[in-house]
Amino acid sequence: MPNIQSLIEELHSKYQSHTEGSPASYIPELAKANPNHFAIVITTISGEIYKIGDTENTFSLQSTSKPFTYGMVLENFGREFVLSKVGVEPTGEAFNSIVELEKQTHRPYNPMINSGAIAVSSLIKGNNFEDRFKKVMSLFETYVGHSLSIDEHVFESEKKTAHRNRSIAHLLRHFDVIDDKIEESLDLYFKQCSILASTRDLSMMAATLANNGIHPVTKKVAVQEKYVGDMLSLMFTCGMYDSSGEWAYSVGIPAKSGVSGGIFGVIPGKMGIAVFSPPIDDKGHSVRGVEVFKDLSHKLNLSIFRVGNNHVS
Ligand code: GLN
């Protein structure tokens, strides 16, 4: 079995010099990210951590947050109701596509794209915005195992420039997928996208999913076991948007990316992997992140389609 620590060190030095892609700029604040930042962290379900690079540097979670709030609304409302609001089909479209509502039902296709995630945010329970926002924060805090904060600059920057997400939200309101609290749903969505976490945190969140929803260190239940499969299957089919097919082919594990440069992947029953590096490709995925995942999958035989035990016990 390859030594995990030396493998991630090798991949880190292999890809540090890659300069393709650039940090997202459609949210102006994200363009300020340091393109040289690069971190890889693997956390096992028993809480062992292998790490290299800028692992404690924090970044806004962006779309890597989407599976987690989806899990929360599934717990709160059950599958049937949530399925009536958001589907489970991949789109083959970009994450922010406007034409992403199902023809018959007008549901967003899935919760990993913006329309689905905004519909999910509209379902977050609570008496008022503060109450609902607290639920979101405490959810993510349970996944990481410590308190978290928001990058207010990223939040304001996205809120000010989110004409596309705002139009998606109005379309959702038109088709009665979300209620009248359009701006509140959007704010909840932008807030969850602005949560600051490190690569180490993201790998712990992934390891919590790998551990059936139980945090490997605190042992707290972040999500009920019965919904972990819902989250992972949607990450697998839709988590990398219109390159989910290519990802299944070349990496073969459930994963989710975010435009700030994070990607996390889950090896159920084994470990969580997180890679962070701000330069992204035209699909919105970290360029170094995608390369690292391809190599890790190959070297550790992680793909669920490769017969035989993978090289991690
Ligand atoms: N907040 C971002 C948006 O809605 C998240 C997108 C992403 O990370 N792919 O555009």
# chains A, B, ... in the order shown; residues from 1 in each chain; ligands from 1
$ residues_near_ligand --ligand "ligand 1" --cutoff "9 Å" --atoms "only C-alpha atoms and all ligand atoms" --output "count of residues only"
39
$ residues_around --residues "region 128-132 of chain A" --least-positions-apart "3" --cutoff "8 Å" --atoms "only C-alpha atoms" --output "list in words"
Ile124, Lys125, Lys135, Val136, Glu184 and Leu188 of chain A
$ write_last_selection --atoms "N, CA, C and O atoms" --output "CSV table (one decimal), in the first residue's frame"
chain,number,residue,atom,x,y,z
A,124,ILE,N,-35.1,25.9,4.6
A,124,ILE,CA,-34.5,25.9,5.9
A,124,ILE,C,-35.5,26.4,7.0
A,124,ILE,O,-36.0,27.5,6.8
A,125,LYS,N,-35.6,25.6,8.0
A,125,LYS,CA,-36.6,25.9,9.1
A,125,LYS,C,-36.2,27.0,10.0
A,125,LYS,O,-35.0,27.2,10.2
A,135,LYS,N,-29.3,27.9,12.3
A,135,LYS,CA,-29.4,26.5,12.0
A,135,LYS,C,-28.4,26.0,11.0
A,135,LYS,O,-27.7,25.0,11.1
A,136,VAL,N,-28.2,26.9,10.0
A,136,VAL,CA,-27.2,26.6,9.0
A,136,VAL,C,-25.8,26.6,9.6
A,136,VAL,O,-25.0,25.6,9.4
A,184,GLU,N,-34.8,36.5,1.2
A,184,GLU,CA,-34.3,35.8,2.4
A,184,GLU,C,-33.7,34.5,2.0
A,184,GLU,O,-32.7,34.1,2.6
A,188,LEU,N,-29.8,33.4,2.6
A,188,LEU,CA,-29.4,32.2,3.3
A,188,LEU,C,-28.4,31.4,2.4
A,188,LEU,O,-27.4,30.8,2.9
$ atom_distance --atom1 "CA of Ser84 (chain A)" --atom2 "CA of Gly239 (chain A)"
20.1 Å
